[in-house]
$ cat entry-v4.cif   # mmCIF, C-alpha atoms
data_query
loop_
_atom_site.label_atom_id
_atom_site.label_comp_id
_atom_site.auth_asym_id
_atom_site.auth_seq_id
_atom_site.Cartn_x
_atom_site.Cartn_y
_atom_site.Cartn_z
CA MET A 125 -282.82 -146.05 -59.93
CA GLY A 126 -285.24 -148.93 -59.78
CA ALA A 127 -288.96 -148.97 -59.04
CA ASP A 128 -288.08 -150.03 -55.48
CA GLY A 129 -286.24 -146.76 -54.94
CA VAL A 130 -282.80 -148.36 -54.85
CA SER A 131 -280.18 -146.58 -56.94
CA SER A 132 -276.76 -147.66 -58.16
CA SER A 133 -274.03 -146.27 -60.41
CA VAL A 134 -273.54 -147.58 -63.95
CA ASP A 135 -271.28 -146.74 -66.87
CA ARG A 136 -273.13 -146.35 -70.14
CA ARG A 137 -272.06 -145.21 -73.58
CA VAL A 138 -273.78 -142.06 -74.83
CA ALA A 139 -274.75 -141.50 -78.47
CA VAL A 140 -272.58 -138.96 -80.25
CA GLU A 141 -274.33 -136.07 -81.99
CA ARG A 142 -272.34 -133.40 -83.81
CA PRO A 143 -272.98 -130.68 -86.40
CA ILE A 144 -271.94 -131.86 -89.86
CA ALA A 145 -271.45 -128.96 -92.27
CA ILE A 146 -271.84 -129.84 -95.95
CA GLU A 147 -269.90 -127.71 -98.41
CA ILE A 148 -270.36 -128.42 -102.12
CA ASN A 149 -267.98 -126.90 -104.66
CA GLY A 150 -267.16 -124.15 -102.21
CA ILE A 151 -270.80 -123.37 -101.34
CA GLY A 152 -272.04 -123.86 -97.79
CA TYR A 153 -275.11 -126.00 -98.47
CA ALA A 154 -276.41 -127.34 -95.13
CA VAL A 155 -275.55 -128.18 -91.54
CA MET A 156 -276.97 -131.45 -90.23
CA MET A 157 -276.93 -132.83 -86.70
CA ALA A 158 -275.72 -136.40 -87.05
CA THR A 159 -273.59 -139.21 -85.67
CA PRO A 160 -270.11 -138.67 -87.17
CA CYS A 161 -269.50 -142.15 -88.58
CA ASP A 162 -269.88 -143.52 -92.13
CA LEU A 163 -269.62 -139.95 -93.38
CA ASP A 164 -268.74 -140.92 -96.96
CA ASP A 165 -271.92 -143.01 -97.08
CA PHE A 166 -273.87 -140.12 -95.57
CA ALA A 167 -272.54 -137.68 -98.16
CA HIS A 168 -273.49 -139.88 -101.12
CA GLY A 169 -276.96 -140.59 -99.73
CA PHE A 170 -277.56 -136.93 -98.88
CA LEU A 171 -276.57 -135.84 -102.39
CA GLN A 172 -279.00 -138.35 -103.91
CA SER A 173 -281.83 -137.37 -101.56
CA GLU A 174 -281.29 -133.70 -102.41
CA ARG A 175 -281.39 -134.63 -106.12
CA LEU A 176 -277.95 -133.12 -106.62
CA ILE A 177 -276.41 -136.19 -108.26
CA GLU A 178 -277.82 -138.78 -110.62
CA ARG A 179 -274.78 -141.06 -110.76
CA ARG A 180 -272.00 -141.95 -108.37
CA ASP A 181 -269.33 -140.77 -110.83
CA GLU A 182 -270.61 -137.20 -110.53
CA VAL A 183 -268.87 -137.10 -107.14
CA ILE A 184 -265.23 -136.20 -107.69
CA GLU A 185 -264.09 -136.03 -104.07
CA ILE A 186 -265.41 -136.05 -100.52
CA GLU A 187 -263.00 -134.66 -97.94
CA PRO A 188 -264.13 -135.07 -94.31
CA LEU A 189 -262.52 -132.57 -91.93
CA LEU A 190 -262.63 -132.53 -88.14
CA LEU A 191 -262.97 -128.99 -86.80
CA ASP A 192 -263.28 -127.59 -83.28
CA ALA A 193 -267.01 -126.91 -83.75
CA GLY A 194 -267.86 -130.17 -85.50
CA HIS A 195 -267.25 -131.86 -88.84
CA LEU A 196 -267.04 -130.50 -92.37
CA LEU A 197 -267.75 -132.54 -95.48
CA ARG A 198 -266.02 -130.73 -98.34
CA ILE A 199 -267.55 -132.17 -101.53
CA THR A 200 -266.47 -131.61 -105.11
CA LEU A 201 -268.94 -132.47 -107.87
CA GLN A 202 -268.71 -132.51 -111.64
CA ALA A 203 -269.93 -129.46 -113.55
CA ALA A 204 -273.44 -130.76 -114.35
CA ALA A 205 -274.08 -131.62 -110.70
CA ALA A 206 -272.61 -128.31 -109.58
CA GLU A 207 -275.23 -126.52 -111.70
CA ARG A 208 -277.95 -128.39 -109.78
CA VAL A 209 -276.41 -127.15 -106.54
CA GLN A 210 -276.55 -123.56 -107.77
CA ALA A 211 -280.19 -123.98 -108.79
CA ARG A 212 -281.16 -125.49 -105.42
CA VAL A 213 -279.37 -122.75 -103.50
CA ARG A 214 -281.19 -120.08 -105.50
CA HIS A 215 -284.55 -121.67 -104.68
CA ARG A 216 -283.68 -121.77 -100.98
CA ILE A 217 -282.90 -118.06 -100.76
CA SER A 218 -285.75 -116.03 -99.28
CA ASP A 219 -286.11 -112.38 -98.36
CA ALA A 220 -288.25 -113.32 -95.35
CA SER A 221 -287.24 -115.11 -92.17
CA CYS A 222 -290.17 -117.53 -92.04
CA GLY A 223 -288.49 -120.37 -93.91
CA LEU A 224 -290.42 -121.45 -96.99
CA CYS A 225 -292.08 -118.40 -98.52
CA GLY A 226 -293.89 -117.98 -101.82
CA ILE A 227 -295.44 -120.38 -104.32
CA GLU A 228 -292.12 -121.22 -105.97
CA ASN A 229 -290.59 -122.38 -102.69
CA LEU A 230 -293.70 -124.37 -101.79
CA GLU A 231 -293.43 -126.19 -105.10
CA GLN A 232 -289.78 -126.90 -104.39
CA ALA A 233 -290.70 -128.37 -101.01
CA LEU A 234 -293.00 -130.96 -102.61
CA ARG A 235 -291.40 -131.61 -105.99
CA PRO A 236 -292.86 -134.47 -108.08
CA LEU A 237 -291.46 -137.88 -107.24
CA PRO A 238 -290.40 -140.55 -109.73
CA ARG A 239 -292.58 -143.64 -109.90
CA VAL A 240 -291.09 -146.67 -108.20
CA THR A 241 -290.70 -149.30 -110.91
CA ALA A 242 -288.96 -152.01 -108.90
CA ASP A 243 -291.07 -154.68 -107.20
CA SER A 244 -290.53 -156.36 -103.86
CA ILE A 245 -291.42 -160.02 -103.66
CA ALA A 246 -291.09 -160.09 -99.86
CA GLN A 247 -293.97 -161.82 -98.10
CA PRO A 248 -295.20 -160.90 -94.61
CA GLU A 249 -293.13 -163.64 -92.97
CA ALA A 250 -289.97 -162.07 -94.43
CA LEU A 251 -290.82 -158.74 -92.80
CA PHE A 252 -291.30 -160.41 -89.42
CA THR A 253 -287.97 -162.21 -89.89
CA ALA A 254 -286.15 -158.95 -90.56
CA LEU A 255 -287.86 -157.18 -87.68
CA ALA A 256 -286.83 -159.91 -85.25
CA ALA A 257 -283.21 -159.74 -86.41
CA LEU A 258 -282.81 -155.96 -86.55
CA ARG A 259 -281.64 -155.48 -82.97
CA ASP A 260 -278.68 -157.79 -83.56
CA HIS A 261 -277.54 -155.42 -86.31
CA GLN A 262 -277.72 -152.26 -84.17
CA PRO A 263 -274.49 -152.15 -82.13
CA LEU A 264 -274.69 -148.40 -81.44
CA ASN A 265 -278.28 -148.58 -80.28
CA ARG A 266 -277.58 -151.57 -78.04
CA GLU A 267 -274.94 -149.51 -76.25
CA THR A 268 -276.76 -146.16 -76.17
CA GLY A 269 -280.49 -146.75 -76.74
CA ALA A 270 -280.53 -143.47 -78.67
CA VAL A 271 -279.93 -144.08 -82.38
CA HIS A 272 -282.02 -145.13 -85.35
CA ALA A 273 -281.25 -147.86 -87.86
CA ALA A 274 -281.93 -148.19 -91.57
CA ALA A 275 -281.61 -151.70 -92.96
CA LEU A 276 -281.46 -153.16 -96.46
CA CYS A 277 -283.34 -156.47 -96.32
CA ALA A 278 -283.41 -159.31 -98.82
CA SER A 279 -286.71 -160.64 -100.08
CA ASP A 280 -286.52 -163.50 -97.56
CA GLY A 281 -285.99 -161.09 -94.66
CA ALA A 282 -282.23 -161.53 -94.28
CA ILE A 283 -280.58 -158.25 -93.30
CA ARG A 284 -277.88 -157.40 -95.82
CA LEU A 285 -276.68 -153.96 -94.69
CA VAL A 286 -277.42 -151.54 -91.83
CA ARG A 287 -276.45 -147.98 -90.99
CA GLU A 288 -277.13 -146.14 -87.72
CA ASP A 289 -277.46 -142.49 -86.72
CA VAL A 290 -279.13 -140.31 -84.11
CA GLY A 291 -281.31 -138.99 -86.94
CA ARG A 292 -283.67 -141.31 -88.80
CA HIS A 293 -283.18 -139.35 -92.03
CA ASN A 294 -279.41 -139.51 -91.68
CA ALA A 295 -279.48 -143.26 -91.08
CA PHE A 296 -281.44 -143.77 -94.30
CA ASP A 297 -279.11 -141.46 -96.22
CA LYS A 298 -276.15 -143.47 -94.92
CA LEU A 299 -277.76 -146.72 -96.05
CA ILE A 300 -278.59 -145.37 -99.51
CA GLY A 301 -275.09 -143.94 -99.83
CA ALA A 302 -273.48 -147.20 -98.73
CA MET A 303 -275.52 -149.11 -101.32
CA THR A 304 -274.43 -146.68 -104.02
CA ARG A 305 -270.75 -146.82 -103.06
CA GLN A 306 -270.76 -150.63 -102.87
CA GLY A 307 -272.86 -151.14 -105.99
CA ILE A 308 -275.62 -152.97 -104.10
CA GLY A 309 -279.20 -153.01 -105.40
CA TRP A 310 -282.54 -153.68 -103.72
CA GLU A 311 -282.95 -157.01 -105.54
CA GLN A 312 -286.69 -157.27 -104.80
CA GLY A 313 -286.15 -156.74 -101.08
CA PHE A 314 -287.15 -153.81 -98.88
CA ALA A 315 -285.97 -151.13 -96.46
CA LEU A 316 -286.67 -151.45 -92.73
CA LEU A 317 -286.43 -148.29 -90.61
CA SER A 318 -286.59 -148.06 -86.81
CA SER A 319 -288.68 -144.90 -86.86
CA ARG A 320 -291.99 -143.37 -87.83
CA CYS A 321 -292.65 -142.91 -91.54
CA SER A 322 -292.27 -139.23 -92.41
CA TYR A 323 -292.78 -137.83 -95.89
CA GLU A 324 -289.03 -137.15 -96.14
CA LEU A 325 -288.28 -140.85 -95.69
CA VAL A 326 -290.84 -141.72 -98.35
CA GLU A 327 -289.16 -139.28 -100.72
CA LYS A 328 -285.71 -140.73 -100.02
CA ALA A 329 -287.05 -144.23 -100.66
CA ALA A 330 -288.69 -143.23 -103.94
CA LEU A 331 -285.62 -141.39 -105.19
CA ALA A 332 -283.48 -144.43 -104.32
CA GLY A 333 -285.83 -146.79 -106.19
CA CYS A 334 -286.71 -148.69 -103.02
CA PRO A 335 -289.45 -151.26 -103.83
CA MET A 336 -291.00 -151.30 -100.33
CA LEU A 337 -290.61 -149.21 -97.17
CA VAL A 338 -291.23 -150.74 -93.73
CA THR A 339 -291.21 -148.62 -90.56
CA ILE A 340 -291.59 -149.38 -86.88
CA SER A 341 -294.06 -146.56 -86.25
CA ALA A 342 -296.94 -145.01 -88.17
CA ALA A 343 -296.90 -142.72 -91.18
CA SER A 344 -298.17 -139.17 -91.46
CA ASP A 345 -300.91 -138.32 -93.94
CA LEU A 346 -298.41 -136.56 -96.17
CA ALA A 347 -296.13 -139.60 -96.14
CA ILE A 348 -299.04 -141.78 -97.25
CA ALA A 349 -299.98 -139.32 -100.00
CA ARG A 350 -296.40 -139.06 -101.28
CA ALA A 351 -296.05 -142.85 -101.25
CA ALA A 352 -299.23 -143.15 -103.34
CA GLU A 353 -297.86 -140.57 -105.77
CA ALA A 354 -294.66 -142.59 -106.19
CA GLY A 355 -296.34 -146.01 -106.17
CA LEU A 356 -294.31 -147.00 -103.12
CA PRO A 357 -295.81 -149.77 -100.92
CA LEU A 358 -295.68 -148.90 -97.22
CA VAL A 359 -295.75 -151.17 -94.21
CA MET A 360 -296.25 -149.34 -90.92
CA LEU A 361 -296.50 -150.10 -87.21
CA ALA A 362 -294.27 -153.13 -87.74
CA ARG A 363 -294.41 -155.17 -84.55
CA ALA A 364 -293.49 -158.71 -83.59
CA ASP A 365 -297.12 -159.85 -83.84
CA ALA A 366 -298.71 -157.55 -86.44
CA MET A 367 -298.14 -154.80 -88.97
CA LEU A 368 -300.23 -152.48 -91.15
CA TRP A 369 -299.73 -153.04 -94.89
CA LEU A 370 -300.62 -150.25 -97.32
CA ASP A 371 -300.33 -151.06 -101.01
CA ALA A 372 -299.79 -147.79 -102.80
CA GLN A 373 -299.77 -149.17 -106.35
#
$ encode --input "entry-v4.cif" --output "C-alpha cells"
Amino acid sequence: MGADGVSSSVDRRVAVERPIAIEINGIGYAVMMATPCDLDDFAHGFLQSERLIERRDEVIEIEPLLLDAGHLLRITLQAAAAERVQARVRHRISDASCGLCGIENLEQALRPLPRVTADSIAQPEALFTALAALRDHQPLNRETGAVHAAALCASDGAIRLVREDVGRHNAFDKLIGAMTRQGIGWEQGFALLSSRCSYELVEKAALAGCPMLVTISAASDLAIARAAEAGLPLVMLARADAMLWLDAQ
C-alpha cells in the first residue's frame, strides 16, 4: 500500500530462517537460528569464534543433514579440539535457570582476547568505496530486505568476498569460515558489516585477526571496551557522507 492509500499485489521473496543444530563429536553444542546456506563456511567460522579450533585441519568432517525440524551440522573434530569442546560444555552447565551464573561463568563470558597484530592500510576513501559497492554484493538482501552482510574488503575498498545471513553474527561467522576454507587472508584490508557493532562481533574480529572492523551502525560500550582490549580499530556509523573512526591502538 502506498502513501496515497492505493494498494496492489506483489510477489516478493522472503528470507529463510531455520534452526541449525550444531553437534560436535556426538555432543549437542548449540542451536542457532540462521539462513541455511554456506553451512560449511558457517561451521568453520562458528568453531573459530567459539575458540574450539585453532587450525582448519582440526576439522575432520562436517556433515550437513536436512531434518523435518531444521538442519543439523554433525561435526567431527580431532582429539585436541574435542577436549576444548568438553571443557566449554562443562563451563556452560549451570544448576540454575538464569543463564550465566557464578564468577566462573562470568569470566567465561568475557574471556581475554588476543591482541590484533595485523595492520590495515585502508584510508577513509577506501571505506567509502566499499560502502558504496556493498549493496551490489548482497543478492539475498536485494530480494528480501531482511538479511545482513559481512564483507572482506581489500585495502583499496574493493570487495573480495561476502556472506549473508538473517543473523549478523552468523554472516560474520560465514565470512570468517569461507576465508579459512579458501585460504584467504585480510591482506591489510578490513571487514565491513551491515549491522551495529556488538561486543560479539568485536570478539569474532579479534579472534580472526581482522585488522579493522567497519559497521553500518553504532557500537555498544562493551564493544568499544573489548576492541580497545584487543587493539582493534573500529569504524562506526558508516554512511555515504560520514563515518565515526575510533582508533583502539
$ resolve_selection --input "entry-v4.cif" --expression "the PyMOL selection byres ((chain A and resi 161) around 10)" --output "PyMOL selection string"
chain A and resi 140+158-160+162-166+287-289+298
$ residues_around --input "entry-v4.cif" --residues "segment 329-341 of chain A" --least-positions-apart "6" --cutoff "10 Å" --atoms "all atoms listed in the file" --output "PyMOL selection string"
chain A and resi 169+172-175+178+237-246+251+255+274-276+296-297+300-301+303-304+309-323+350-351+353-363+367-369+371-372
$ closest_residue --input "entry-v4.cif" --among "A:Asn294, A:Gln306, A:Ser131, A:Ser344" --to "Ala167 of chain A" --atoms "all atoms listed in the file"
A:Asn294
$ residues_around --input "entry-v4.cif" --residues "segment 258-268 of chain A" --least-positions-apart "5" --cutoff "7 Å" --atoms "all atoms listed in the file" --output "PyMOL selection string"
chain A and resi 137-139+273+286
$ resolve_selection --input "entry-v4.cif" --expression "the PyMOL selection byres ((chain A and resi 192-204) around 7)" --output "NGL selection string"
:A and (142-149 or 182-191 or 205-208)
$ atom_distance --input "entry-v4.cif" --atom1 "atom CA of Met157 of chain A" --atom2 "atom CA of Ala349 of chain A"
27.4 Å
$ atom_distance --input "entry-v4.cif" --atom1 "atom CA of Ala295 of chain A" --atom2 "atom CA of Met156 of chain A"
12.1 Å
$ atom_distance --input "entry-v4.cif" --atom1 "atom CA of Leu299 of chain A" --atom2 "atom CA of Asp181 of chain A"
18.0 Å
$ decode --input "entry-v4.cif" --residues "segment 128-161 of chain A" --atoms "N, CA, C and O atoms" --output "mmCIF file, in the first residue's frame"
data_model
loop_
_atom_site.group_PDB
_atom_site.id
_atom_site.type_symbol
_atom_site.label_atom_id
_atom_site.label_comp_id
_atom_site.auth_asym_id
_atom_site.auth_seq_id
_atom_site.Cartn_x
_atom_site.Cartn_y
_atom_site.Cartn_z
ATOM 1 N N ASP A 128 -0.656 7.080 -0.775
ATOM 2 C CA ASP A 128 -1.927 7.612 -1.291
ATOM 3 C C ASP A 128 -3.094 6.694 -0.996
ATOM 4 O O ASP A 128 -4.225 6.960 -1.431
ATOM 5 N N GLY A 129 -2.828 5.599 -0.283
ATOM 6 C CA GLY A 129 -3.896 4.674 0.081
ATOM 7 C C GLY A 129 -4.193 3.617 -0.961
ATOM 8 O O GLY A 129 -5.039 2.751 -0.741
ATOM 9 N N VAL A 130 -3.519 3.651 -2.083
ATOM 10 C CA VAL A 130 -3.749 2.679 -3.151
ATOM 11 C C VAL A 130 -2.908 1.433 -2.877
ATOM 12 O O VAL A 130 -1.709 1.526 -2.598
ATOM 13 N N SER A 131 -3.528 0.278 -2.958
ATOM 14 C CA SER A 131 -2.820 -0.972 -2.697
ATOM 15 C C SER A 131 -2.793 -1.833 -3.953
ATOM 16 O O SER A 131 -3.636 -1.714 -4.838
ATOM 17 N N SER A 132 -1.797 -2.690 -4.036
ATOM 18 C CA SER A 132 -1.665 -3.615 -5.158
ATOM 19 C C SER A 132 -0.946 -4.861 -4.676
ATOM 20 O O SER A 132 -0.274 -4.854 -3.639
ATOM 21 N N SER A 133 -1.078 -5.945 -5.408
ATOM 22 C CA SER A 133 -0.457 -7.214 -5.036
ATOM 23 C C SER A 133 0.929 -7.314 -5.672
ATOM 24 O O SER A 133 1.134 -6.920 -6.821
ATOM 25 N N VAL A 134 1.887 -7.850 -4.903
ATOM 26 C CA VAL A 134 3.235 -8.060 -5.411
ATOM 27 C C VAL A 134 3.729 -9.425 -4.932
ATOM 28 O O VAL A 134 3.290 -9.931 -3.900
ATOM 29 N N ASP A 135 4.624 -10.004 -5.690
ATOM 30 C CA ASP A 135 5.325 -11.215 -5.273
ATOM 31 C C ASP A 135 6.713 -10.809 -4.800
ATOM 32 O O ASP A 135 7.430 -10.092 -5.499
ATOM 33 N N ARG A 136 7.086 -11.287 -3.623
ATOM 34 C CA ARG A 136 8.376 -10.903 -3.049
ATOM 35 C C ARG A 136 8.981 -12.106 -2.348
ATOM 36 O O ARG A 136 8.292 -12.832 -1.628
ATOM 37 N N ARG A 137 10.262 -12.305 -2.545
ATOM 38 C CA ARG A 137 10.958 -13.394 -1.868
ATOM 39 C C ARG A 137 11.125 -13.071 -0.385
ATOM 40 O O ARG A 137 11.394 -11.926 -0.022
ATOM 41 N N VAL A 138 10.949 -14.082 0.450
ATOM 42 C CA VAL A 138 11.058 -13.920 1.897
ATOM 43 C C VAL A 138 12.338 -14.596 2.378
ATOM 44 O O VAL A 138 12.690 -15.692 1.916
ATOM 45 N N ALA A 139 13.040 -13.957 3.292
ATOM 46 C CA ALA A 139 14.278 -14.523 3.838
ATOM 47 C C ALA A 139 13.984 -15.818 4.580
ATOM 48 O O ALA A 139 12.998 -15.927 5.309
ATOM 49 N N VAL A 140 14.841 -16.792 4.404
ATOM 50 C CA VAL A 140 14.682 -18.090 5.058
ATOM 51 C C VAL A 140 15.426 -18.085 6.390
ATOM 52 O O VAL A 140 16.593 -17.692 6.461
ATOM 53 N N GLU A 141 14.747 -18.500 7.432
ATOM 54 C CA GLU A 141 15.345 -18.610 8.765
ATOM 55 C C GLU A 141 14.976 -19.969 9.339
ATOM 56 O O GLU A 141 13.795 -20.310 9.426
ATOM 57 N N ARG A 142 15.981 -20.746 9.712
ATOM 58 C CA ARG A 142 15.746 -22.101 10.195
ATOM 59 C C ARG A 142 16.647 -22.378 11.407
ATOM 60 O O ARG A 142 17.748 -21.812 11.520
ATOM 61 N N PRO A 143 16.219 -23.283 12.290
ATOM 62 C CA PRO A 143 17.124 -23.712 13.358
ATOM 63 C C PRO A 143 18.238 -24.590 12.792
ATOM 64 O O PRO A 143 17.978 -25.510 12.011
ATOM 65 N N ILE A 144 19.466 -24.272 13.163
ATOM 66 C CA ILE A 144 20.628 -25.050 12.760
ATOM 67 C C ILE A 144 21.239 -25.642 14.025
ATOM 68 O O ILE A 144 21.828 -24.917 14.840
ATOM 69 N N ALA A 145 21.080 -26.936 14.211
ATOM 70 C CA ALA A 145 21.651 -27.605 15.377
ATOM 71 C C ALA A 145 23.094 -27.975 15.077
ATOM 72 O O ALA A 145 23.407 -28.480 13.995
ATOM 73 N N ILE A 146 23.974 -27.709 16.027
ATOM 74 C CA ILE A 146 25.400 -27.992 15.879
ATOM 75 C C ILE A 146 25.779 -29.103 16.848
ATOM 76 O O ILE A 146 25.687 -28.937 18.070
ATOM 77 N N GLU A 147 26.186 -30.222 16.291
ATOM 78 C CA GLU A 147 26.610 -31.378 17.083
ATOM 79 C C GLU A 147 28.095 -31.610 16.831
ATOM 80 O O GLU A 147 28.522 -31.717 15.681
ATOM 81 N N ILE A 148 28.876 -31.663 17.901
ATOM 82 C CA ILE A 148 30.327 -31.799 17.771
ATOM 83 C C ILE A 148 30.786 -33.064 18.480
ATOM 84 O O ILE A 148 30.602 -33.207 19.691
ATOM 85 N N ASN A 149 31.333 -33.982 17.722
ATOM 86 C CA ASN A 149 31.793 -35.263 18.270
ATOM 87 C C ASN A 149 30.724 -35.930 19.134
ATOM 88 O O ASN A 149 30.986 -36.431 20.222
ATOM 89 N N GLY A 150 29.500 -35.869 18.637
ATOM 90 C CA GLY A 150 28.389 -36.527 19.309
ATOM 91 C C GLY A 150 27.732 -35.715 20.409
ATOM 92 O O GLY A 150 26.743 -36.158 21.003
ATOM 93 N N ILE A 151 28.246 -34.515 20.689
ATOM 94 C CA ILE A 151 27.698 -33.671 21.750
ATOM 95 C C ILE A 151 26.846 -32.569 21.127
ATOM 96 O O ILE A 151 27.307 -31.838 20.245
ATOM 97 N N GLY A 152 25.624 -32.423 21.577
ATOM 98 C CA GLY A 152 24.778 -31.320 21.139
ATOM 99 C C GLY A 152 25.305 -30.025 21.733
ATOM 100 O O GLY A 152 25.215 -29.803 22.939
ATOM 101 N N TYR A 153 25.867 -29.156 20.882
ATOM 102 C CA TYR A 153 26.580 -27.985 21.394
ATOM 103 C C TYR A 153 25.717 -26.723 21.385
ATOM 104 O O TYR A 153 25.738 -25.947 22.337
ATOM 105 N N ALA A 154 24.973 -26.473 20.315
ATOM 106 C CA ALA A 154 24.196 -25.236 20.208
ATOM 107 C C ALA A 154 23.143 -25.393 19.125
ATOM 108 O O ALA A 154 23.230 -26.259 18.253
ATOM 109 N N VAL A 155 22.124 -24.547 19.193
ATOM 110 C CA VAL A 155 21.139 -24.419 18.124
ATOM 111 C C VAL A 155 21.079 -22.939 17.756
ATOM 112 O O VAL A 155 20.804 -22.091 18.612
ATOM 113 N N MET A 156 21.358 -22.627 16.507
ATOM 114 C CA MET A 156 21.376 -21.255 16.031
ATOM 115 C C MET A 156 20.254 -21.055 15.018
ATOM 116 O O MET A 156 19.958 -21.943 14.222
ATOM 117 N N MET A 157 19.648 -19.882 15.038
ATOM 118 C CA MET A 157 18.680 -19.523 14.003
ATOM 119 C C MET A 157 19.450 -18.817 12.897
ATOM 120 O O MET A 157 20.093 -17.787 13.133
ATOM 121 N N ALA A 158 19.402 -19.382 11.694
ATOM 122 C CA ALA A 158 20.258 -18.875 10.620
ATOM 123 C C ALA A 158 19.631 -19.148 9.261
ATOM 124 O O ALA A 158 18.662 -19.891 9.134
ATOM 125 N N THR A 159 20.218 -18.535 8.247
ATOM 126 C CA THR A 159 19.846 -18.817 6.862
ATOM 127 C C THR A 159 20.628 -20.048 6.407
ATOM 128 O O THR A 159 21.860 -20.048 6.464
ATOM 129 N N PRO A 160 19.942 -21.105 5.983
ATOM 130 C CA PRO A 160 20.620 -22.377 5.705
ATOM 131 C C PRO A 160 21.332 -22.422 4.361
ATOM 132 O O PRO A 160 20.990 -23.215 3.477
ATOM 133 N N CYS A 161 22.315 -21.555 4.179
ATOM 134 C CA CYS A 161 23.195 -21.603 3.010
ATOM 135 C C CYS A 161 24.621 -21.388 3.496
ATOM 136 O O CYS A 161 24.833 -20.849 4.585
#
